[in-house]
file run_1.txt (compact mmCIF, C-alpha atoms)
# COMPACT_ATOMS: atom_id res chain seq x y z
CA MET A 1 11.55 3.53 -10.60
CA LYS A 2 8.84 5.38 -8.68
CA ILE A 3 5.41 4.13 -9.67
CA ILE A 4 2.62 5.58 -7.55
CA THR A 5 -0.86 4.17 -8.02
CA ILE A 6 -4.01 5.84 -6.76
CA GLY A 7 -7.15 3.90 -5.92
CA ARG A 8 -10.06 6.09 -4.90
CA GLU A 9 -13.67 6.31 -3.92
CA PHE A 10 -15.79 8.37 -6.29
CA GLY A 11 -15.88 11.96 -5.04
CA SER A 12 -12.95 11.57 -2.64
CA GLY A 13 -10.63 13.76 -4.74
CA GLY A 14 -8.31 10.88 -5.68
CA ARG A 15 -7.85 12.16 -9.20
CA GLU A 16 -7.01 15.66 -7.96
CA LEU A 17 -4.61 14.20 -5.41
CA GLY A 18 -2.89 12.12 -8.11
CA LYS A 19 -2.57 15.06 -10.46
CA ARG A 20 -1.23 17.46 -7.84
CA LEU A 21 1.14 14.86 -6.41
CA ALA A 22 2.56 14.21 -9.89
CA GLU A 23 3.00 17.95 -10.45
CA THR A 24 4.87 18.30 -7.15
CA LEU A 25 7.08 15.30 -7.94
CA CYS A 26 7.57 16.56 -11.53
CA ILE A 27 6.45 13.27 -13.06
CA PRO A 28 3.54 12.47 -15.42
CA CYS A 29 0.09 11.48 -14.18
CA TYR A 30 -1.95 9.04 -16.24
CA ASP A 31 -5.68 8.99 -15.79
CA HIS A 32 -7.97 9.80 -18.73
CA GLU A 33 -4.89 9.74 -20.94
CA ILE A 34 -5.07 5.93 -20.80
CA ILE A 35 -8.62 6.02 -22.20
CA ASP A 36 -7.50 8.35 -24.99
CA MET A 37 -4.64 6.03 -25.94
CA VAL A 38 -6.88 2.95 -26.05
CA ALA A 39 -9.55 4.81 -28.04
CA LYS A 40 -6.94 6.00 -30.52
CA LYS A 41 -5.38 2.57 -30.87
CA TYR A 42 -8.70 0.85 -31.66
CA ARG A 43 -10.41 3.82 -33.29
CA LEU A 44 -13.18 3.60 -30.75
CA ASP A 45 -15.32 6.24 -29.14
CA LYS A 46 -13.74 7.58 -25.91
CA ASP A 47 -16.99 7.31 -23.99
CA TYR A 48 -17.34 3.66 -24.96
CA VAL A 49 -13.77 2.89 -23.82
CA SER A 50 -14.31 4.90 -20.65
CA HIS A 51 -17.42 2.89 -19.87
CA ILE A 52 -15.61 -0.39 -20.23
CA SER A 53 -12.41 0.63 -18.53
CA GLU A 54 -13.50 0.35 -14.90
CA LYS A 55 -16.85 -1.37 -15.03
CA ASP A 56 -18.01 -4.91 -14.87
CA ILE A 57 -17.34 -5.92 -18.47
CA ARG A 58 -19.95 -8.63 -18.18
CA MET A 59 -22.43 -5.77 -18.58
CA PHE A 60 -21.27 -5.40 -22.16
CA TYR A 61 -22.39 -8.86 -23.16
CA PRO A 62 -25.93 -9.77 -24.13
CA SER A 63 -27.51 -11.84 -21.41
CA THR A 64 -28.43 -14.53 -23.94
CA ILE A 65 -24.87 -15.69 -24.54
CA GLY A 66 -24.67 -19.40 -24.07
CA HIS A 67 -28.39 -19.75 -24.50
CA ARG A 68 -30.34 -19.49 -27.72
CA PHE A 69 -28.98 -16.39 -29.40
CA MET A 70 -25.48 -15.42 -30.39
CA THR A 71 -24.28 -12.11 -31.74
CA ASN A 72 -21.34 -11.76 -34.09
CA SER A 73 -17.98 -12.55 -32.60
CA SER A 74 -16.32 -9.14 -33.09
CA MET A 75 -18.95 -7.59 -30.85
CA LEU A 76 -18.07 -10.15 -28.21
CA GLN A 77 -14.35 -9.61 -28.49
CA GLN A 78 -14.43 -5.82 -28.34
CA PRO A 79 -14.74 -5.34 -24.53
CA VAL A 80 -12.00 -7.89 -23.84
CA LYS A 81 -9.76 -6.20 -26.42
CA VAL A 82 -10.29 -2.85 -24.76
CA VAL A 83 -9.39 -4.22 -21.32
CA ALA A 84 -6.32 -5.98 -22.72
CA ALA A 85 -5.22 -2.82 -24.54
CA GLN A 86 -5.60 -0.82 -21.33
CA TYR A 87 -3.49 -3.36 -19.46
CA ASN A 88 -0.75 -3.19 -22.10
CA ILE A 89 -0.72 0.59 -22.13
CA ILE A 90 -0.46 0.77 -18.32
CA ARG A 91 2.45 -1.65 -18.42
CA GLN A 92 4.19 0.33 -21.16
CA LEU A 93 3.70 3.63 -19.35
CA SER A 94 5.01 2.27 -16.08
CA LEU A 95 8.13 0.97 -17.82
CA GLN A 96 8.86 4.38 -19.34
CA GLY A 97 9.71 6.03 -16.02
CA ASP A 98 8.42 7.43 -12.74
CA CYS A 99 4.70 8.21 -12.88
CA VAL A 100 1.38 8.40 -11.06
CA ILE A 101 -1.41 6.14 -12.38
CA VAL A 102 -4.97 6.75 -11.26
CA GLY A 103 -7.36 3.81 -11.01
CA ARG A 104 -7.65 0.83 -13.36
CA CYS A 105 -6.08 -1.72 -10.99
CA ALA A 106 -2.64 -0.28 -11.75
CA ASP A 107 -1.44 -1.39 -8.31
CA VAL A 108 -1.99 -5.01 -9.28
CA LEU A 109 -0.78 -4.64 -12.87
CA CYS A 110 2.50 -3.06 -11.78
CA ARG A 111 3.04 -5.20 -8.69
CA ASP A 112 6.36 -6.57 -9.89
CA MET A 113 7.67 -2.99 -10.04
CA ASN A 114 7.01 -2.39 -6.32
CA PRO A 115 4.68 0.57 -6.70
CA LEU A 116 3.57 2.72 -3.78
CA ASN A 117 -0.18 2.19 -3.64
CA ILE A 118 -2.33 4.96 -2.20
CA PHE A 119 -6.06 4.71 -1.54
CA VAL A 120 -8.06 7.92 -1.22
CA TYR A 121 -11.42 7.93 0.56
CA ALA A 122 -13.75 10.27 2.42
CA ASP A 123 -17.03 10.35 4.26
CA LYS A 124 -20.30 10.56 2.33
CA LEU A 125 -20.97 14.25 2.88
CA SER A 126 -17.48 15.34 1.83
CA LYS A 127 -17.78 13.24 -1.32
CA LEU A 128 -21.18 14.73 -2.06
CA GLN A 129 -19.75 18.23 -1.66
CA ARG A 130 -16.86 17.47 -4.01
CA CYS A 131 -19.27 16.03 -6.59
CA LYS A 132 -21.42 19.16 -6.35
CA ASN A 133 -18.43 21.46 -6.74
CA ARG A 134 -17.18 19.76 -9.86
CA ALA A 135 -20.57 18.90 -11.42
CA ASP A 136 -21.18 19.82 -15.02
CA LYS A 137 -23.50 22.79 -15.43
CA ASN A 138 -25.91 20.57 -17.38
CA GLU A 139 -25.99 17.94 -14.63
CA HIS A 140 -28.98 18.43 -12.41
CA LEU A 141 -28.97 15.55 -9.96
CA SER A 142 -30.74 15.66 -6.62
CA GLU A 143 -28.64 14.75 -3.55
CA LYS A 144 -30.32 11.37 -3.48
CA GLU A 145 -29.47 10.76 -7.14
CA MET A 146 -25.89 11.89 -6.53
CA PHE A 147 -25.52 9.50 -3.58
CA HIS A 148 -26.88 6.74 -5.79
CA LYS A 149 -24.39 7.62 -8.56
CA MET A 150 -21.49 7.63 -6.09
CA LYS A 151 -22.49 4.25 -4.73
CA GLN A 152 -23.03 2.82 -8.20
CA ILE A 153 -19.64 3.91 -9.53
CA ASP A 154 -17.81 2.56 -6.48
CA LYS A 155 -19.71 -0.70 -6.87
CA GLU A 156 -18.60 -0.96 -10.50
CA ARG A 157 -14.99 -0.26 -9.55
CA ALA A 158 -15.17 -2.94 -6.86
CA THR A 159 -16.66 -5.45 -9.30
CA TYR A 160 -14.06 -4.65 -11.95
CA ARG A 161 -11.25 -5.13 -9.46
CA GLU A 162 -12.64 -8.34 -8.05
CA LEU A 163 -13.28 -9.77 -11.50
CA PHE A 164 -9.74 -9.21 -12.72
CA THR A 165 -7.64 -9.46 -9.59
CA GLU A 166 -9.63 -11.57 -7.14
CA GLU A 167 -8.86 -8.91 -4.56
CA LYS A 168 -11.31 -6.79 -2.64
CA TRP A 169 -11.40 -3.14 -3.66
CA GLY A 170 -10.51 -0.53 -1.02
CA ARG A 171 -9.22 -2.90 1.68
CA LYS A 172 -6.35 -1.15 3.43
CA GLU A 173 -4.20 -4.29 3.36
CA TYR A 174 -3.66 -3.81 -0.39
CA TYR A 175 -2.39 -0.25 -0.02
CA HIS A 176 0.62 1.40 1.56
CA LEU A 177 -1.12 4.61 2.55
CA CYS A 178 -4.83 5.31 2.93
CA ILE A 179 -5.76 8.99 3.00
CA ASN A 180 -9.10 10.24 4.28
CA THR A 181 -9.76 13.60 2.59
CA SER A 182 -12.97 14.39 4.51
CA GLY A 183 -13.34 18.14 4.93
CA LYS A 184 -9.80 18.85 3.80
CA GLU A 185 -8.39 20.85 0.93
CA ILE A 186 -6.21 18.40 -0.94
CA LYS A 187 -3.64 20.85 -2.26
CA LEU A 188 -2.59 21.74 1.29
CA LEU A 189 -1.85 18.08 2.08
CA ILE A 190 0.22 17.50 -1.06
CA PRO A 191 3.69 18.64 0.13
CA ALA A 192 3.53 16.21 3.07
CA ILE A 193 2.27 13.37 0.86
CA ALA A 194 5.08 14.05 -1.62
CA ALA A 195 7.58 13.98 1.25
CA TYR A 196 6.11 10.64 2.37
CA VAL A 197 6.43 9.24 -1.15
CA ASN A 198 10.08 10.27 -1.35
CA ALA A 199 10.87 8.82 2.09
CA TRP A 200 9.09 5.58 1.17
CA PHE A 201 11.02 5.11 -2.06
CA MET A 202 14.34 5.99 -0.42
CA GLN A 203 14.08 2.79 1.61
CA TYR A 204 14.80 0.23 -1.09
CA MET B 205 -5.61 21.55 20.29
CA LYS B 206 -3.74 18.81 18.41
CA ILE B 207 -4.74 15.39 19.65
CA ILE B 208 -3.28 12.55 17.61
CA THR B 209 -4.48 9.04 18.34
CA ILE B 210 -2.72 5.91 17.17
CA GLY B 211 -4.54 2.65 16.59
CA ARG B 212 -2.27 -0.21 15.62
CA GLU B 213 -1.93 -3.86 14.82
CA PHE B 214 0.37 -5.76 17.18
CA GLY B 215 3.88 -5.74 15.73
CA SER B 216 3.23 -2.97 13.20
CA GLY B 217 5.38 -0.44 15.04
CA GLY B 218 2.47 1.80 16.01
CA ARG B 219 3.90 2.52 19.43
CA GLU B 220 7.28 3.46 17.96
CA LEU B 221 5.56 5.64 15.37
CA GLY B 222 3.54 7.41 18.07
CA LYS B 223 6.58 8.01 20.24
CA ARG B 224 8.77 9.31 17.42
CA LEU B 225 5.98 11.46 16.02
CA ALA B 226 5.44 13.04 19.44
CA GLU B 227 9.17 13.70 19.76
CA THR B 228 9.27 15.40 16.35
CA LEU B 229 6.21 17.49 17.19
CA CYS B 230 7.63 18.23 20.67
CA ILE B 231 4.48 17.04 22.45
CA PRO B 232 3.97 14.24 25.00
CA CYS B 233 3.10 10.69 24.00
CA TYR B 234 0.88 8.64 26.31
CA ASP B 235 0.98 4.89 26.06
CA HIS B 236 2.08 2.80 29.06
CA GLU B 237 1.97 5.99 31.09
CA ILE B 238 -1.80 5.60 31.20
CA ILE B 239 -1.47 2.15 32.75
CA ASP B 240 0.94 3.53 35.34
CA MET B 241 -1.46 6.31 36.28
CA VAL B 242 -4.41 3.94 36.69
CA ALA B 243 -2.31 1.47 38.70
CA LYS B 244 -1.12 4.27 40.96
CA LYS B 245 -4.61 5.68 41.42
CA TYR B 246 -6.10 2.34 42.48
CA ARG B 247 -2.95 0.87 44.01
CA LEU B 248 -3.16 -2.06 41.66
CA ASP B 249 -0.52 -4.16 40.01
CA LYS B 250 0.56 -2.68 36.63
CA ASP B 251 0.34 -6.04 34.90
CA TYR B 252 -3.21 -6.51 36.11
CA VAL B 253 -4.23 -3.05 34.82
CA SER B 254 -2.37 -3.65 31.57
CA HIS B 255 -4.25 -6.90 31.05
CA ILE B 256 -7.60 -5.24 31.51
CA SER B 257 -6.83 -2.09 29.60
CA GLU B 258 -7.25 -3.37 26.08
CA LYS B 259 -8.79 -6.79 26.47
CA ASP B 260 -12.26 -8.14 26.54
CA ILE B 261 -13.11 -7.34 30.15
CA ARG B 262 -15.70 -10.08 30.14
CA MET B 263 -12.70 -12.40 30.51
CA PHE B 264 -12.19 -11.04 33.99
CA TYR B 265 -15.52 -12.27 35.23
CA PRO B 266 -16.18 -15.80 36.39
CA SER B 267 -18.27 -17.64 33.83
CA THR B 268 -20.78 -18.59 36.51
CA ILE B 269 -22.13 -15.07 37.03
CA GLY B 270 -25.86 -15.09 36.71
CA HIS B 271 -25.97 -18.78 37.33
CA ARG B 272 -25.47 -20.58 40.60
CA PHE B 273 -22.40 -18.96 42.10
CA MET B 274 -21.58 -15.38 42.90
CA THR B 275 -18.28 -13.92 44.01
CA ASN B 276 -17.93 -10.86 46.19
CA SER B 277 -18.98 -7.57 44.62
CA SER B 278 -15.64 -5.71 44.83
CA MET B 279 -14.08 -8.39 42.63
CA LEU B 280 -16.81 -7.75 40.10
CA GLN B 281 -16.44 -4.00 40.19
CA GLN B 282 -12.67 -3.89 39.83
CA PRO B 283 -12.36 -4.38 36.04
CA VAL B 284 -15.09 -1.82 35.37
CA LYS B 285 -13.38 0.65 37.70
CA VAL B 286 -10.09 0.19 35.89
CA VAL B 287 -11.70 0.82 32.51
CA ALA B 288 -13.53 3.89 33.85
CA ALA B 289 -10.31 5.25 35.41
CA GLN B 290 -8.51 4.78 32.14
CA TYR B 291 -11.25 6.68 30.31
CA ASN B 292 -11.07 9.55 32.78
CA ILE B 293 -7.30 9.76 32.59
CA ILE B 294 -7.33 9.82 28.78
CA ARG B 295 -9.90 12.63 28.86
CA GLN B 296 -7.85 14.60 31.39
CA LEU B 297 -4.62 14.18 29.42
CA SER B 298 -6.24 15.24 26.16
CA LEU B 299 -7.60 18.38 27.81
CA GLN B 300 -4.14 19.36 29.10
CA GLY B 301 -2.73 20.12 25.65
CA ASP B 302 -1.44 18.71 22.36
CA CYS B 303 -0.47 15.05 22.65
CA VAL B 304 -0.21 11.65 21.01
CA ILE B 305 -2.25 8.84 22.61
CA VAL B 306 -1.52 5.25 21.64
CA GLY B 307 -4.36 2.71 21.68
CA ARG B 308 -7.17 2.41 24.23
CA CYS B 309 -9.93 3.71 21.92
CA ALA B 310 -8.62 7.27 22.40
CA ASP B 311 -9.99 8.22 18.97
CA VAL B 312 -13.51 7.53 20.19
CA LEU B 313 -13.00 8.96 23.69
CA CYS B 314 -11.66 12.26 22.32
CA ARG B 315 -13.99 12.50 19.33
CA ASP B 316 -15.45 15.84 20.43
CA MET B 317 -11.95 17.32 20.30
CA ASN B 318 -11.51 16.48 16.60
CA PRO B 319 -8.42 14.32 16.94
CA LEU B 320 -6.41 13.14 13.97
CA ASN B 321 -6.73 9.38 14.06
CA ILE B 322 -3.93 7.29 12.58
CA PHE B 323 -4.03 3.52 12.14
CA VAL B 324 -0.75 1.65 11.74
CA TYR B 325 -0.67 -1.78 10.15
CA ALA B 326 1.68 -4.11 8.29
CA ASP B 327 1.82 -7.49 6.61
CA LYS B 328 2.31 -10.62 8.71
CA LEU B 329 5.98 -11.15 7.96
CA SER B 330 6.94 -7.56 8.77
CA LYS B 331 5.06 -7.79 12.05
CA LEU B 332 6.76 -11.06 12.87
CA GLN B 333 10.15 -9.50 12.17
CA ARG B 334 9.38 -6.52 14.42
CA CYS B 335 8.22 -8.84 17.20
CA LYS B 336 11.43 -10.86 16.90
CA ASN B 337 13.60 -7.75 16.98
CA ARG B 338 12.03 -6.43 20.14
CA ALA B 339 11.44 -9.75 21.91
CA ASP B 340 12.59 -10.14 25.47
CA LYS B 341 15.68 -12.30 25.81
CA ASN B 342 13.70 -14.67 27.99
CA GLU B 343 10.91 -15.04 25.44
CA HIS B 344 11.42 -18.14 23.35
CA LEU B 345 8.41 -18.39 21.10
CA SER B 346 8.42 -20.30 17.84
CA GLU B 347 7.23 -18.42 14.72
CA LYS B 348 3.95 -20.28 14.95
CA GLU B 349 3.50 -19.27 18.59
CA MET B 350 4.43 -15.67 17.74
CA PHE B 351 1.84 -15.55 14.91
CA HIS B 352 -0.70 -16.93 17.35
CA LYS B 353 0.18 -14.26 19.91
CA MET B 354 -0.08 -11.47 17.31
CA LYS B 355 -3.48 -12.73 16.19
CA GLN B 356 -4.68 -13.15 19.77
CA ILE B 357 -3.70 -9.63 20.86
CA ASP B 358 -5.31 -8.03 17.78
CA LYS B 359 -8.44 -10.07 18.46
CA GLU B 360 -8.55 -8.77 22.03
CA ARG B 361 -8.10 -5.18 20.86
CA ALA B 362 -10.90 -5.64 18.35
CA THR B 363 -13.19 -7.12 21.01
CA TYR B 364 -12.40 -4.33 23.47
CA ARG B 365 -13.15 -1.69 20.85
CA GLU B 366 -16.36 -3.30 19.71
CA LEU B 367 -17.54 -3.84 23.27
CA PHE B 368 -17.10 -0.20 24.27
CA THR B 369 -17.63 1.72 21.06
CA GLU B 370 -19.78 -0.50 18.84
CA GLU B 371 -17.30 0.25 16.06
CA LYS B 372 -15.17 -2.19 14.17
CA TRP B 373 -11.47 -2.06 14.96
CA GLY B 374 -9.07 -1.21 12.13
CA ARG B 375 -11.64 -0.19 9.52
CA LYS B 376 -10.13 2.67 7.54
CA GLU B 377 -13.38 4.66 7.67
CA TYR B 378 -12.72 5.45 11.35
CA TYR B 379 -9.25 6.85 10.72
CA HIS B 380 -7.83 9.85 8.88
CA LEU B 381 -4.61 8.21 7.80
CA CYS B 382 -3.74 4.52 7.58
CA ILE B 383 -0.04 3.77 7.36
CA ASN B 384 1.31 0.43 6.19
CA THR B 385 4.79 0.03 7.71
CA SER B 386 5.64 -3.25 5.94
CA GLY B 387 9.35 -3.47 5.28
CA LYS B 388 9.96 0.17 6.20
CA GLU B 389 12.04 1.82 8.86
CA ILE B 390 9.58 3.98 10.76
CA LYS B 391 11.96 6.74 11.80
CA LEU B 392 12.61 7.64 8.15
CA LEU B 393 8.88 8.15 7.53
CA ILE B 394 8.36 10.38 10.58
CA PRO B 395 9.26 13.82 9.14
CA ALA B 396 6.68 13.38 6.36
CA ILE B 397 4.04 12.11 8.80
CA ALA B 398 4.72 15.09 11.08
CA ALA B 399 4.34 17.42 8.07
CA TYR B 400 1.03 15.73 7.23
CA VAL B 401 -0.18 16.16 10.82
CA ASN B 402 0.67 19.88 10.74
CA ALA B 403 -1.01 20.41 7.35
CA TRP B 404 -4.10 18.52 8.56
CA PHE B 405 -4.48 20.62 11.71
CA MET B 406 -3.86 23.87 9.82
CA GLN B 407 -7.15 23.35 8.01
CA TYR B 408 -9.58 24.09 10.79

call {"tool": "encode", "arguments": {"input": "run_1.txt", "output": "structure tokens"}}
result
Amino acid sequence: MKIITIGREFGSGGRELGKRLAETLCIPCYDHEIIDMVAKKYRLDKDYVSHISEKDIRMFYPSTIGHRFMTNSSMLQQPVKVVAAQYNIIRQLSLQGDCVIVGRCADVLCRDMNPLNIFVYADKLSKLQRCKNRADKNEHLSEKEMFHKMKQIDKERATYRELFTEEKWGRKEYYHLCINTSGKEIKLLIPAIAAYVNAWFMQY
Amino acid sequence: MKIITIGREFGSGGRELGKRLAETLCIPCYDHEIIDMVAKKYRLDKDYVSHISEKDIRMFYPSTIGHRFMTNSSMLQQPVKVVAAQYNIIRQLSLQGDCVIVGRCADVLCRDMNPLNIFVYADKLSKLQRCKNRADKNEHLSEKEMFHKMKQIDKERATYRELFTEEKWGRKEYYHLCINTSGKEIKLLIPAIAAYVNAWFMQY
């Protein structure tokens, strides 16, 4: 079974790389689809699930827990349920057949299936440019605000990973291939990356 | 001009990767050749040059410098001369045409020529296995001693890099592609890496 996981810095093009790689390998790519499945399963709002799915879930608890005030228990259980559902769905998907999974600690969750773990990163200016290119028309962030957003999202991903896996996010030791996309058009790199993936999996 | 530099952890197979990649790309690979050129230029022993070429050159100075005792000045100048000669030779080689250069901070030395910088690494056990496979028949190190040697050499490379470039050794941010060779036969990965190199250089 070929499971390819993609970790990525915000703005590095990791999602695009995952999607294009999956297309070239003719296998499915799971990214936002995981959010949709969890939202459907629990009849929750997609944005809410998306917010929980790679952030520090401690943020979703009132800071007074354990002190004077307590909220109702279903409110407390919701974020944990969402994370657990996401874990189960990733496991199920990976058992179904070859696939690419973007983000969500899939490398750790599927470790027993010997996935090929790729980390995608880039320098600040390249990431800024990618964010600008793909920005929503209604999003009017200054460069400073965009840098802040990039940093914030990466920080949340790091916290999420460290909370659930006790492993540092983005350290090359946890990945099999780290790709710096600075200044490069991802689609032109894809055939070589696909060839690498095939050569890597041939060696079992 | 295609300049490919290879940084590597001891035992990760970086030298082999560089050599095979150069063969596939039909360009020269410079590794020990640099040592030979420096040794020839200064009529020095190859082992002496090799020892200086990627180590903390402060080791080659008596610890009493600046205190009570002084040695003769040519002894003091020798290690610096060797390092300078190595720098000049790497610059000259990179200006001659496409090539692969293994180690010796070539990524930093050739930065103005936009090299593609690869870092090769692996997990401890894979590195140990590679060291065993290529060990000299007369080398009888225990596993513990071999681990110590691996750690020591990487530490020296890190110190050398940090001393001359003020950059941390092995941090993925300084490289364009980081390849984890754990448990893999390098020669089978080479065609894909060569394809990646070509795609990367096409995008200028």

call {"tool": "atom_distance", "arguments": {"input": "run_1.txt", "atom1": "atom CA of A:Asn180", "atom2": "atom CA of A:Glu33"}}
result
25.6 Å

call {"tool": "interface_residues", "arguments": {"input": "run_1.txt", "of": "chain A", "to": "chain B", "cutoff": "7 Å", "atoms": "all atoms listed in the file", "output": "count of residues only"}}
result
16

call {"tool": "residues_around", "arguments": {"input": "run_1.txt", "residues": "stretch 142-159 of chain A", "least_positions_apart": "4", "cutoff": "12 Å", "atoms": "all atoms listed in the file", "output": "ChimeraX atom specification"}}
result
/A:7-12,51-59,103-105,121-132,135,163-171

call {"tool": "residues_around", "arguments": {"input": "run_1.txt", "residues": "A:Met37", "least_positions_apart": "6", "cutoff": "9 Å", "atoms": "only C-alpha atoms", "output": "tab-separated table (two decimals) with C-alpha atoms, in the coordinates of the input"}}
result
chain	number	residue	atom	x	y	z
A	85	ALA	CA	-5.22	-2.82	-24.54
A	86	GLN	CA	-5.60	-0.82	-21.33
A	89	ILE	CA	-0.72	0.59	-22.13

call {"tool": "atom_distance", "arguments": {"input": "run_1.txt", "atom1": "atom CA of A:Asp31", "atom2": "atom CA of A:Val102"}}
result
5.1 Å

call {"tool": "atom_distance", "arguments": {"input": "run_1.txt", "atom1": "atom CA of B:Ala243", "atom2": "atom CA of B:Val286"}}
result
8.4 Å

call {"tool": "residues_around", "arguments": {"input": "run_1.txt", "residues": "A:Cys99", "least_positions_apart": "5", "cutoff": "12 Å", "atoms": "only C-alpha atoms", "output": "MDAnalysis selection string"}}
result
chainID A and resid 1:6 18:19 21:31 90:94 106 110 113 115:116 197
